[in-house]
file upload.csv (CSV, C-alpha atoms)
chain,number,residue,atom,x,y,z
A,954,MET,CA,-18.1,15.5,24.2
A,955,ALA,CA,-18.9,19.0,23.1
A,956,ASP,CA,-19.3,20.0,19.5
A,957,VAL,CA,-17.2,22.9,18.3
A,958,ALA,CA,-18.7,25.1,15.7
A,959,VAL,CA,-16.3,27.7,14.3
A,960,HIS,CA,-17.7,30.6,12.3
A,961,THR,CA,-15.5,32.4,9.8
A,962,ASP,CA,-18.0,34.4,8.0
A,963,HIS,CA,-16.3,37.7,8.7
A,964,ALA,CA,-13.6,38.7,6.3
A,965,ALA,CA,-10.1,38.8,7.9
A,966,PRO,CA,-8.0,41.9,7.7
A,967,ASP,CA,-5.9,40.4,4.8
A,968,GLY,CA,-9.0,39.8,2.8
A,969,HIS,CA,-9.2,36.0,3.2
A,970,ALA,CA,-12.5,34.9,4.6
A,971,ALA,CA,-11.4,31.7,6.2
A,972,VAL,CA,-7.8,31.4,7.0
A,973,GLY,CA,-6.2,29.3,9.8
A,974,HIS,CA,-7.2,26.2,11.6
A,975,ALA,CA,-10.5,28.0,12.3
A,976,ALA,CA,-11.4,27.3,8.7
A,977,MET,CA,-11.8,23.6,9.6
A,978,HIS,CA,-15.4,22.5,10.2
A,979,THR,CA,-15.5,19.7,12.7
A,980,THR,CA,-18.4,17.3,12.7
A,981,ILE,CA,-16.5,15.0,15.1
A,982,PRO,CA,-14.8,16.7,17.9
A,983,GLY,CA,-11.1,17.1,17.3
A,984,LEU,CA,-11.2,16.0,13.7
A,985,SER,CA,-11.5,18.1,10.6
A,986,ASN,CA,-13.6,17.0,7.7
A,987,ASN,CA,-10.6,17.2,5.4
A,988,LYS,CA,-8.7,14.7,7.5
A,989,LEU,CA,-11.7,12.4,8.0
A,990,GLY,CA,-12.3,12.5,4.2
A,991,MET,CA,-8.6,11.7,3.5
A,992,TRP,CA,-8.6,8.7,5.9
A,993,LEU,CA,-11.9,7.5,4.3
A,994,PHE,CA,-10.2,7.7,0.9
A,995,LEU,CA,-7.2,5.8,2.1
A,996,GLY,CA,-9.3,3.1,3.6
A,997,SER,CA,-11.1,2.7,0.3
A,998,ASP,CA,-7.8,2.8,-1.6
A,999,CYS,CA,-6.8,-0.2,0.5
A,1000,LEU,CA,-9.5,-2.1,-1.4
A,1001,LEU,CA,-8.1,-1.2,-4.8
A,1002,PHE,CA,-4.6,-2.5,-3.9
A,1003,GLY,CA,-6.1,-5.4,-1.9
A,1004,GLY,CA,-7.8,-6.6,-5.1
A,1005,LEU,CA,-4.7,-6.1,-7.3
A,1006,ILE,CA,-2.4,-7.9,-4.8
A,1007,SER,CA,-4.9,-10.8,-4.5
A,1008,VAL,CA,-5.0,-11.2,-8.2
A,1009,TYR,CA,-1.2,-11.1,-8.4
A,1010,MET,CA,-0.7,-13.6,-5.7
A,1011,LEU,CA,-3.1,-16.0,-7.5
A,1012,TYR,CA,-1.4,-15.6,-10.9
A,1013,ARG,CA,2.2,-15.1,-10.1
A,1014,GLY,CA,3.1,-18.6,-11.0
A,1015,ARG,CA,1.1,-18.5,-14.2
A,1016,ASN,CA,3.8,-17.2,-16.6
A,1017,GLY,CA,3.2,-19.8,-19.3
A,1018,THR,CA,6.0,-19.7,-21.9
A,1019,GLY,CA,7.0,-16.2,-20.9
A,1020,PRO,CA,9.7,-15.3,-18.4
A,1021,GLY,CA,8.9,-15.8,-14.7
A,1022,PRO,CA,9.7,-13.7,-11.7
A,1023,ASP,CA,12.9,-15.6,-10.9
A,1024,ALA,CA,14.4,-14.7,-14.3
A,1025,LEU,CA,13.4,-11.1,-14.1
A,1026,TRP,CA,13.8,-9.6,-10.7
A,1027,ASP,CA,16.7,-7.3,-10.0
A,1028,ILE,CA,16.5,-7.3,-6.2
A,1029,PRO,CA,19.5,-4.9,-5.6
A,1030,LEU,CA,17.9,-2.3,-7.8
A,1031,THR,CA,14.4,-2.8,-6.3
A,1032,SER,CA,15.8,-2.7,-2.8
A,1033,VAL,CA,17.5,0.6,-3.5
A,1034,SER,CA,14.3,2.1,-4.9
A,1035,SER,CA,12.4,0.8,-2.0
A,1036,PHE,CA,14.8,2.4,0.4
A,1037,VAL,CA,14.5,5.7,-1.5
A,1038,LEU,CA,10.7,5.6,-1.2
A,1039,LEU,CA,11.0,4.7,2.5
A,1040,MET,CA,13.3,7.7,3.1
A,1041,SER,CA,10.9,9.9,1.2
A,1042,SER,CA,8.4,9.2,4.0
A,1043,LEU,CA,10.9,10.6,6.5
A,1044,THR,CA,11.4,13.8,4.5
A,1045,MET,CA,7.6,14.1,4.1
A,1046,VAL,CA,7.0,13.8,7.8
A,1047,LEU,CA,9.7,16.4,8.4
A,1048,ALA,CA,7.9,18.7,6.0
A,1049,VAL,CA,4.6,18.2,7.9
A,1050,SER,CA,6.5,18.8,11.2
A,1051,ALA,CA,8.1,22.0,9.9
A,1052,ALA,CA,4.7,23.2,8.6
A,1053,HIS,CA,3.1,22.8,12.0
A,1054,ARG,CA,5.9,25.0,13.4
A,1055,ASP,CA,5.1,27.6,10.7
A,1056,GLU,CA,8.6,27.1,9.2
A,1057,ASP,CA,7.6,27.5,5.6
A,1058,ALA,CA,11.1,27.5,4.1
A,1059,LYS,CA,12.0,24.3,5.8
A,1060,ALA,CA,8.7,22.7,4.8
A,1061,GLN,CA,9.2,23.7,1.2
A,1062,THR,CA,12.7,22.2,1.2
A,1063,TRP,CA,11.5,18.9,2.7
A,1064,LEU,CA,8.6,18.8,0.2
A,1065,SER,CA,11.0,19.3,-2.7
A,1066,VAL,CA,13.3,16.6,-1.4
A,1067,THR,CA,10.3,14.3,-1.1
A,1068,ALA,CA,9.3,15.0,-4.7
A,1069,LEU,CA,12.8,14.3,-5.8
A,1070,LEU,CA,13.0,11.0,-4.0
A,1071,GLY,CA,9.5,10.1,-5.4
A,1072,SER,CA,10.7,10.9,-8.9
A,1073,THR,CA,13.7,8.8,-8.4
A,1074,PHE,CA,11.5,5.9,-7.5
A,1075,VAL,CA,9.3,6.4,-10.5
A,1076,GLY,CA,12.4,6.6,-12.7
A,1077,ALA,CA,13.6,3.3,-11.3
A,1078,GLN,CA,10.3,1.7,-12.0
A,1079,VAL,CA,10.2,3.0,-15.6
A,1080,TYR,CA,13.7,1.5,-16.1
A,1081,GLU,CA,12.6,-1.8,-14.6
A,1082,PHE,CA,9.5,-2.0,-16.8
A,1083,THR,CA,11.6,-1.2,-19.9
A,1084,SER,CA,14.1,-3.9,-19.1
A,1085,PHE,CA,11.4,-6.4,-18.4
A,1086,TYR,CA,9.8,-5.6,-21.7
A,1087,HIS,CA,13.1,-6.1,-23.5
A,1088,GLU,CA,13.4,-9.5,-21.8
A,1089,GLY,CA,10.0,-10.5,-23.3
A,1090,LEU,CA,7.5,-9.6,-20.6
A,1091,GLY,CA,4.8,-7.6,-22.3
A,1092,TYR,CA,1.5,-6.7,-20.6
A,1093,THR,CA,-0.4,-9.6,-22.3
A,1094,THR,CA,2.4,-12.1,-22.3
A,1095,SER,CA,0.9,-14.1,-19.4
A,1096,LEU,CA,-1.4,-13.9,-16.5
A,1097,PHE,CA,1.6,-13.2,-14.3
A,1098,SER,CA,2.7,-10.3,-16.5
A,1099,SER,CA,-0.7,-8.7,-16.6
A,1100,SER,CA,-1.2,-8.9,-12.9
A,1101,PHE,CA,2.3,-7.7,-12.2
A,1102,TYR,CA,2.1,-4.7,-14.5
A,1103,SER,CA,-1.4,-3.8,-13.2
A,1104,LEU,CA,-0.3,-3.9,-9.6
A,1105,THR,CA,3.0,-2.1,-9.8
A,1106,GLY,CA,1.7,0.2,-12.5
A,1107,PHE,CA,-1.2,1.4,-10.4
A,1108,HIS,CA,1.2,2.0,-7.6
A,1109,GLY,CA,3.5,3.9,-9.9
A,1110,VAL,CA,0.6,6.1,-11.0
A,1111,HIS,CA,-0.1,6.8,-7.3
A,1112,VAL,CA,3.5,7.8,-6.7
A,1113,THR,CA,3.4,10.0,-9.9
A,1114,VAL,CA,0.2,11.7,-8.7
A,1115,GLY,CA,1.9,12.2,-5.3
A,1116,VAL,CA,4.9,13.9,-6.9
A,1117,ILE,CA,2.6,16.2,-8.9
A,1118,MET,CA,0.7,17.1,-5.6
A,1119,LEU,CA,4.0,17.7,-3.8
A,1120,LEU,CA,5.4,20.0,-6.6
A,1121,THR,CA,2.0,21.9,-6.7
A,1122,LEU,CA,2.2,22.2,-2.9
A,1123,VAL,CA,5.7,23.7,-3.1
A,1124,ALA,CA,4.6,26.2,-5.7
A,1125,MET,CA,1.5,27.1,-3.7
A,1126,VAL,CA,3.4,27.5,-0.4
A,1127,SER,CA,6.0,29.7,-2.0
A,1128,LYS,CA,3.2,32.0,-3.4
A,1129,ASN,CA,1.2,31.8,-0.2
A,1130,LYS,CA,-1.8,30.5,-2.2
A,1131,ILE,CA,-3.0,27.7,-0.1
A,1132,PRO,CA,-6.6,28.4,1.0
A,1133,GLY,CA,-7.3,27.6,4.6
A,1134,GLN,CA,-4.7,26.1,6.9
A,1135,LYS,CA,-1.3,25.5,5.3
A,1136,ALA,CA,-0.1,22.8,7.8
A,1137,GLU,CA,-3.3,20.8,7.3
A,1138,ALA,CA,-3.0,20.9,3.5
A,1139,ILE,CA,0.6,19.6,3.8
A,1140,GLU,CA,-0.5,17.0,6.3
A,1141,MET,CA,-3.2,15.7,3.9
A,1142,VAL,CA,-0.7,15.3,1.1
A,1143,GLY,CA,1.6,13.7,3.6
A,1144,LEU,CA,-1.0,11.1,4.5
A,1145,TYR,CA,-1.4,10.2,0.9
A,1146,TRP,CA,2.3,9.9,0.4
A,1147,HIS,CA,2.8,7.7,3.5
A,1148,PHE,CA,0.0,5.5,2.2
A,1149,VAL,CA,1.7,5.0,-1.1
A,1150,ASP,CA,4.8,4.0,1.0
A,1151,VAL,CA,3.0,1.4,3.1
A,1152,VAL,CA,1.5,-0.1,0.0
A,1153,TRP,CA,5.0,-0.5,-1.5
A,1154,ILE,CA,6.2,-2.1,1.8
A,1155,VAL,CA,3.6,-4.8,1.2
A,1156,ILE,CA,4.4,-5.1,-2.6
A,1157,PHE,CA,8.1,-5.2,-2.1
A,1158,THR,CA,7.8,-8.2,0.3
A,1159,LEU,CA,5.0,-10.1,-1.4
A,1160,VAL,CA,6.0,-9.6,-5.0
A,1161,TYR,CA,9.8,-9.4,-4.9
A,1162,LEU,CA,11.1,-11.1,-1.8
A,1163,ILE,CA,8.8,-14.1,-1.2
A,1164,PRO,CA,9.7,-16.8,-3.6
A,1165,THR,CA,7.1,-18.0,-6.1
B,428,MET,CA,-22.9,21.2,24.5
B,429,SER,CA,-22.4,23.4,21.5
B,430,GLU,CA,-20.0,26.3,21.5
B,431,THR,CA,-19.7,29.0,18.9
B,432,ILE,CA,-16.7,31.2,18.5
B,433,ASP,CA,-16.5,34.2,16.2
B,434,THR,CA,-12.9,33.8,15.1
B,435,ALA,CA,-12.6,36.7,12.8
B,436,LEU,CA,-13.3,39.1,15.6
B,437,ASP,CA,-10.9,37.5,18.0
B,438,PRO,CA,-7.7,36.0,16.4
B,439,ALA,CA,-6.6,34.6,19.8
B,440,ALA,CA,-9.9,32.7,20.1
B,441,ALA,CA,-9.4,31.4,16.6
B,442,ALA,CA,-6.0,30.0,17.6
B,443,ARG,CA,-7.4,28.4,20.7
B,444,ALA,CA,-10.3,26.9,18.7
B,445,GLU,CA,-7.8,25.6,16.2
B,446,HIS,CA,-5.9,23.9,19.0
B,447,ALA,CA,-9.0,22.4,20.5
B,448,ALA,CA,-10.3,21.2,17.2
B,449,TYR,CA,-7.0,19.6,16.4
B,450,VAL,CA,-6.2,17.8,19.6
B,451,GLY,CA,-9.7,16.8,20.4
B,452,ASP,CA,-10.3,18.7,23.6
B,453,ASN,CA,-12.3,21.8,24.4
B,454,ASP,CA,-9.8,23.5,26.6
B,455,HIS,CA,-10.0,26.9,25.0
B,456,THR,CA,-7.8,28.4,27.6
B,457,ALA,CA,-4.7,26.4,26.5
B,458,PRO,CA,-2.1,28.4,24.6
B,459,ALA,CA,-2.1,28.0,20.8
B,460,ASP,CA,1.5,26.9,20.9
B,461,ASP,CA,0.5,23.7,22.6
B,462,HIS,CA,-0.6,22.6,19.1
B,463,VAL,CA,3.1,21.9,18.2
B,464,ALA,CA,3.6,20.0,21.4
B,465,HIS,CA,1.1,17.3,20.3
B,466,HIS,CA,3.4,16.4,17.4
B,467,PRO,CA,6.4,14.2,18.1
B,468,LYS,CA,9.9,15.8,17.8
B,469,ASP,CA,11.9,15.3,14.6
B,470,THR,CA,14.3,13.0,16.5
B,471,LEU,CA,11.6,10.5,17.0
B,472,TYR,CA,11.0,10.4,13.2
B,473,LEU,CA,14.7,9.9,12.6
B,474,LYS,CA,14.8,7.0,15.0
B,475,VAL,CA,11.8,5.4,13.3
B,476,ALA,CA,13.5,6.0,9.9
B,477,VAL,CA,16.7,4.2,11.2
B,478,VAL,CA,14.6,1.2,12.3
B,479,LEU,CA,12.8,1.1,8.9
B,480,ALA,CA,16.2,1.3,7.1
B,481,VAL,CA,17.6,-1.5,9.1
B,482,LEU,CA,14.6,-3.7,8.5
B,483,THR,CA,14.7,-3.0,4.8
B,484,ALA,CA,18.4,-4.0,4.8
B,485,LEU,CA,17.5,-7.2,6.7
B,486,GLU,CA,14.7,-7.9,4.2
B,487,THR,CA,17.0,-7.5,1.3
B,488,SER,CA,19.7,-9.7,2.9
B,489,THR,CA,17.2,-12.6,2.8
B,490,TYR,CA,17.7,-12.6,-1.0
B,491,TRP,CA,21.3,-14.0,-0.5
B,492,VAL,CA,20.8,-15.7,2.9
B,493,ASP,CA,18.7,-18.8,2.9
B,494,LEU,CA,16.5,-19.0,6.0
B,495,GLY,CA,14.9,-22.3,5.1
B,496,ALA,CA,11.4,-22.8,6.3
B,497,ALA,CA,11.5,-19.5,8.3
B,498,HIS,CA,12.1,-17.4,5.1
B,499,THR,CA,8.5,-16.4,4.4
B,500,PRO,CA,7.4,-15.9,8.0
B,501,VAL,CA,10.4,-13.8,8.8
B,502,LEU,CA,9.8,-11.6,5.8
B,503,LEU,CA,6.1,-11.2,6.7
B,504,VAL,CA,6.9,-10.2,10.3
B,505,MET,CA,9.4,-7.6,9.1
B,506,MET,CA,6.8,-6.3,6.6
B,507,VAL,CA,4.1,-6.0,9.2
B,508,ILE,CA,6.6,-4.1,11.6
B,509,LYS,CA,7.5,-1.6,8.9
B,510,PHE,CA,3.8,-1.2,7.9
B,511,VAL,CA,2.8,-0.5,11.5
B,512,LEU,CA,5.7,1.9,12.2
B,513,VAL,CA,4.9,4.1,9.2
B,514,LEU,CA,1.2,4.0,10.1
B,515,LEU,CA,1.6,4.8,13.8
B,516,TYR,CA,4.4,7.4,13.6
B,517,PHE,CA,4.6,8.9,10.1
B,518,MET,CA,0.9,8.9,9.6
B,519,HIS,CA,0.3,9.9,13.2
B,520,LEU,CA,-2.3,7.3,14.0
B,521,LYS,CA,-0.7,6.9,17.4
B,522,PHE,CA,-1.4,10.5,18.2
B,523,ASP,CA,-4.5,11.3,16.2
B,524,SER,CA,-8.2,10.7,16.8
B,525,LYS,CA,-9.2,7.0,16.9
B,526,VAL,CA,-11.8,7.8,14.2
B,527,CYS,CA,-9.0,8.1,11.7
B,528,GLY,CA,-7.7,4.7,12.6
B,529,ALA,CA,-11.2,3.2,12.5
B,530,MET,CA,-11.6,4.5,8.9
B,531,PHE,CA,-8.3,2.9,7.8
B,532,TYR,CA,-8.6,-0.3,9.7
B,533,ALA,CA,-12.1,-0.8,8.3
B,534,GLY,CA,-10.6,-0.5,4.8
B,535,MET,CA,-7.9,-3.0,5.8
B,536,ALA,CA,-10.4,-5.4,7.2
B,537,LEU,CA,-12.5,-5.2,3.9
B,538,THR,CA,-9.2,-5.7,2.0
B,539,LEU,CA,-8.5,-8.9,3.8
B,540,MET,CA,-12.0,-10.1,3.2
B,541,VAL,CA,-11.6,-9.4,-0.5
B,542,TYR,CA,-8.3,-11.4,-0.4
B,543,LEU,CA,-9.9,-14.3,1.4
B,544,GLY,CA,-13.0,-14.1,-0.9
B,545,THR,CA,-10.8,-14.2,-4.0
B,546,LEU,CA,-8.8,-17.2,-2.7
B,547,LEU,CA,-12.0,-19.0,-1.8
B,548,THR,CA,-13.5,-18.2,-5.2
B,549,PHE,CA,-10.6,-19.9,-6.9
B,550,ARG,CA,-10.6,-22.8,-4.4
B,551,VAL,CA,-7.1,-22.1,-3.2
B,552,PHE,CA,-8.0,-23.7,0.2

call {"tool": "encode", "arguments": {"input": "upload.csv", "output": "structure tokens"}}
result
Amino acid sequence: MADVAVHTDHAAPDGHAAVGHAAMHTTIPGLSNNKLGMWLFLGSDCLLFGGLISVYMLYRGRNGTGPGPDALWDIPLTSVSSFVLLMSSLTMVLAVSAAHRDEDAKAQTWLSVTALLGSTFVGAQVYEFTSFYHEGLGYTTSLFSSSFYSLTGFHGVHVTVGVIMLLTLVAMVSKNKIPGQKAEAIEMVGLYWHFVDVVWIVIFTLVYLIPT
Amino acid sequence: MSETIDTALDPAAAARAEHAAYVGDNDHTAPADDHVAHHPKDTLYLKVAVVLAVLTALETSTYWVDLGAAHTPVLLVMMVIKFVLVLLYFMHLKFDSKVCGAMFYAGMALTLMVYLGTLLTFRVF
């Protein structure tokens, strides 16, 4: 296959030196470095969650004298928050789709809805953690509690970072401040967001639904 | 073959290069609007979302319905279907370069090895 080298050294009429898909440098034909880097990051992030899930699966029955999963889980609440996060993936992909059609207003709307749904999920998780704490499940109560809070806490941090990225993206799109290709930037955040969703798909089943 | 395009001097060429770089071909004569055509329509995303929602509802229902010995296998199958649907359609792995998939699947394979290694370390088997 042929290599494509795109030069953007000359300033464009609007003053931006490298605007548009042409700003992408492709070392592998058909694939921008940004996208390659994002997929590499997501692949490595699998390892982080793989380790945390492994530890949780080993220790989920080791609750000692503290409360165990069966006494704590609120499946209806967690199911609703899982559904919310799943639907946020739909709104995210609609934002990416709108961005590729250069429909900025629609993309901004879908990005905002995604951020709202993500915030709802984080809010539900904070509520869940608070109620668990009041029921006697502290971080150091047992091996089960440490591994549970570490796993779901890391995921919650990922979602929170995603919400911040989404809100930043909305602001940057509205001010037309995204350097390079707008659709690609939205797509990169979208990949991260969907990854957070697929991780939760695994956590929801392994942690909450499969009996100890 | 190496091809150089001065995009700043020719915006149309930039658009064609953009298309070629994205879809993985080198047909610089294709119109830039084809770029959009390589993305599925929104209706496909909606259909996938409906399937995901139904699967989530089925998963949740297992909390109240006892499936006996099939409980865990059924849940795992539904989990894998949801995982793959998001990966292929929402993350565009079905439509993107195979290199993207290779990056992710390599991470997944390493993850499974970490999981198995952990279990072996603690003599679970």

call {"tool": "closest_residue", "arguments": {"input": "upload.csv", "among": "A:Tyr1086, A:Phe1074, A:Ala1138, A:His1147", "to": "Ser1032 in chain A", "atoms": "all atoms listed in the file"}}
result
A:Phe1074

call {"tool": "residues_near_point", "arguments": {"input": "upload.csv", "point": "(7.5, -7.6, 1.2)", "cutoff": "9 Å", "atoms": "all atoms listed in the file", "output": "PDB file with C-alpha atoms, in the frame of the given file"}}
result
ATOM      1  CA  TRP A1153       5.000  -0.500  -1.500  1.00  0.00           C
ATOM      2  CA  ILE A1154       6.200  -2.100   1.800  1.00  0.00           C
ATOM      3  CA  VAL A1155       3.600  -4.800   1.200  1.00  0.00           C
ATOM      4  CA  ILE A1156       4.400  -5.100  -2.600  1.00  0.00           C
ATOM      5  CA  PHE A1157       8.100  -5.200  -2.100  1.00  0.00           C
ATOM      6  CA  THR A1158       7.800  -8.200   0.300  1.00  0.00           C
ATOM      7  CA  LEU A1159       5.000 -10.100  -1.400  1.00  0.00           C
ATOM      8  CA  VAL A1160       6.000  -9.600  -5.000  1.00  0.00           C
ATOM      9  CA  TYR A1161       9.800  -9.400  -4.900  1.00  0.00           C
ATOM     10  CA  LEU A1162      11.100 -11.100  -1.800  1.00  0.00           C
ATOM     11  CA  ILE A1163       8.800 -14.100  -1.200  1.00  0.00           C
TER      12      ILE A1163
ATOM     13  CA  GLU B 486      14.700  -7.900   4.200  1.00  0.00           C
ATOM     14  CA  LEU B 502       9.800 -11.600   5.800  1.00  0.00           C
ATOM     15  CA  LEU B 503       6.100 -11.200   6.700  1.00  0.00           C
ATOM     16  CA  MET B 505       9.400  -7.600   9.100  1.00  0.00           C
ATOM     17  CA  MET B 506       6.800  -6.300   6.600  1.00  0.00           C
ATOM     18  CA  VAL B 507       4.100  -6.000   9.200  1.00  0.00           C
TER      19      VAL B 507
END

call {"tool": "closest_residue", "arguments": {"input": "upload.csv", "among": "B:His498, B:Lys521, B:Cys527, B:Tyr542", "to": "Asn987 in chain A", "atoms": "only C-alpha atoms"}}
result
B:Cys527

call {"tool": "closest_residue", "arguments": {"input": "upload.csv", "among": "B:Val478, B:Asp469, B:Ala497, B:Phe522", "to": "chain A", "atoms": "only C-alpha atoms"}}
result
B:Asp469

call {"tool": "closest_residue", "arguments": {"input": "upload.csv", "among": "A:Glu1137, A:Leu1043, A:His1108, A:Thr1018", "to": "Tyr516 in chain B", "atoms": "all atoms listed in the file"}}
result
A:Leu1043

call {"tool": "closest_residue", "arguments": {"input": "upload.csv", "among": "A:Asp1057, A:Gly1071, A:Gly1109, A:Cys999", "to": "Lys1135 in chain A", "atoms": "all atoms listed in the file"}}
result
A:Asp1057

call {"tool": "residues_around", "arguments": {"input": "upload.csv", "residues": "Gly1019 in chain A", "least_positions_apart": "3", "cutoff": "12 Å", "atoms": "all atoms listed in the file", "output": "PyMOL selection string"}}
result
chain A and resi 1013-1016+1022-1025+1085-1086+1088-1099

call {"tool": "residues_near_point", "arguments": {"input": "upload.csv", "point": "(-11.0, -0.2, 3.3)", "cutoff": "12 Å", "atoms": "all atoms listed in the file", "output": "MDAnalysis selection string"}}
result
(chainID A and resid 992:1004) or (chainID B and resid 527:541)

call {"tool": "closest_residue", "arguments": {"input": "upload.csv", "among": "A:Gly1017, A:Gly1115, A:Gly1133, A:Pro1164", "to": "chain B", "atoms": "only C-alpha atoms"}}
result
A:Pro1164

call {"tool": "atom_distance", "arguments": {"input": "upload.csv", "atom1": "CA of Ser1050 in chain A", "atom2": "CA of Glu1140 in chain A"}}
result
8.7 Å

call {"tool": "atom_distance", "arguments": {"input": "upload.csv", "atom1": "CA of Val475 in chain B", "atom2": "CA of Val513 in chain B"}}
result
8.1 Å

call {"tool": "residues_around", "arguments": {"input": "upload.csv", "residues": "Leu1030 in chain A", "least_positions_apart": "2", "cutoff": "12 Å", "atoms": "only C-alpha atoms", "output": "MDAnalysis selection string"}}
result
(chainID A and resid 1025:1028 1032:1037 1073:1074 1076:1078 1080:1081 1157 1161) or (chainID B and resid 487)

call {"tool": "atom_distance", "arguments": {"input": "upload.csv", "atom1": "CA of Val1116 in chain A", "atom2": "CA of Ser1072 in chain A"}}
result
6.8 Å

call {"tool": "residues_around", "arguments": {"input": "upload.csv", "residues": "Met1141 in chain A", "least_positions_apart": "5", "cutoff": "9 Å", "atoms": "all atoms listed in the file", "output": "ChimeraX atom specification"}}
result
/A:987-988,991,1136,1146

call {"tool": "build_atoms", "arguments": {"input": "upload.csv", "residues": "range 1098-1111 of chain A", "atoms": "N, CA and C atoms", "output": "compact mmCIF listing (two decimals), keeping the file's coordinate frame"}}
result
# COMPACT_ATOMS: atom_id res chain seq x y z
N SER A 1098 2.31 -11.60 -16.04
CA SER A 1098 2.70 -10.30 -16.50
C SER A 1098 1.62 -9.24 -16.37
N SER A 1099 0.40 -9.65 -16.73
CA SER A 1099 -0.70 -8.70 -16.60
C SER A 1099 -0.97 -8.27 -15.20
N SER A 1100 -0.95 -9.26 -14.29
CA SER A 1100 -1.20 -8.90 -12.90
C SER A 1100 -0.06 -8.13 -12.28
N PHE A 1101 1.16 -8.44 -12.70
CA PHE A 1101 2.30 -7.70 -12.20
C PHE A 1101 2.31 -6.26 -12.63
N TYR A 1102 2.14 -6.06 -13.94
CA TYR A 1102 2.10 -4.70 -14.50
C TYR A 1102 0.95 -3.87 -13.92
N SER A 1103 -0.20 -4.54 -13.75
CA SER A 1103 -1.40 -3.80 -13.20
C SER A 1103 -1.10 -3.35 -11.79
N LEU A 1104 -0.58 -4.25 -10.97
CA LEU A 1104 -0.30 -3.90 -9.60
C LEU A 1104 0.74 -2.83 -9.42
N THR A 1105 1.92 -3.09 -9.98
CA THR A 1105 3.00 -2.10 -9.80
C THR A 1105 2.75 -0.85 -10.60
N GLY A 1106 2.04 -0.99 -11.75
CA GLY A 1106 1.70 0.20 -12.50
C GLY A 1106 0.76 1.12 -11.82
N PHE A 1107 -0.27 0.54 -11.18
CA PHE A 1107 -1.20 1.40 -10.40
C PHE A 1107 -0.47 2.08 -9.27
N HIS A 1108 0.46 1.35 -8.64
CA HIS A 1108 1.20 2.00 -7.60
C HIS A 1108 2.09 3.12 -8.11
N GLY A 1109 2.71 2.86 -9.28
CA GLY A 1109 3.50 3.90 -9.90
C GLY A 1109 2.73 5.15 -10.24
N VAL A 1110 1.50 4.93 -10.69
CA VAL A 1110 0.60 6.10 -11.00
C VAL A 1110 0.32 6.85 -9.70
N HIS A 1111 0.09 6.13 -8.62
CA HIS A 1111 -0.10 6.80 -7.30
C HIS A 1111 1.06 7.64 -6.93
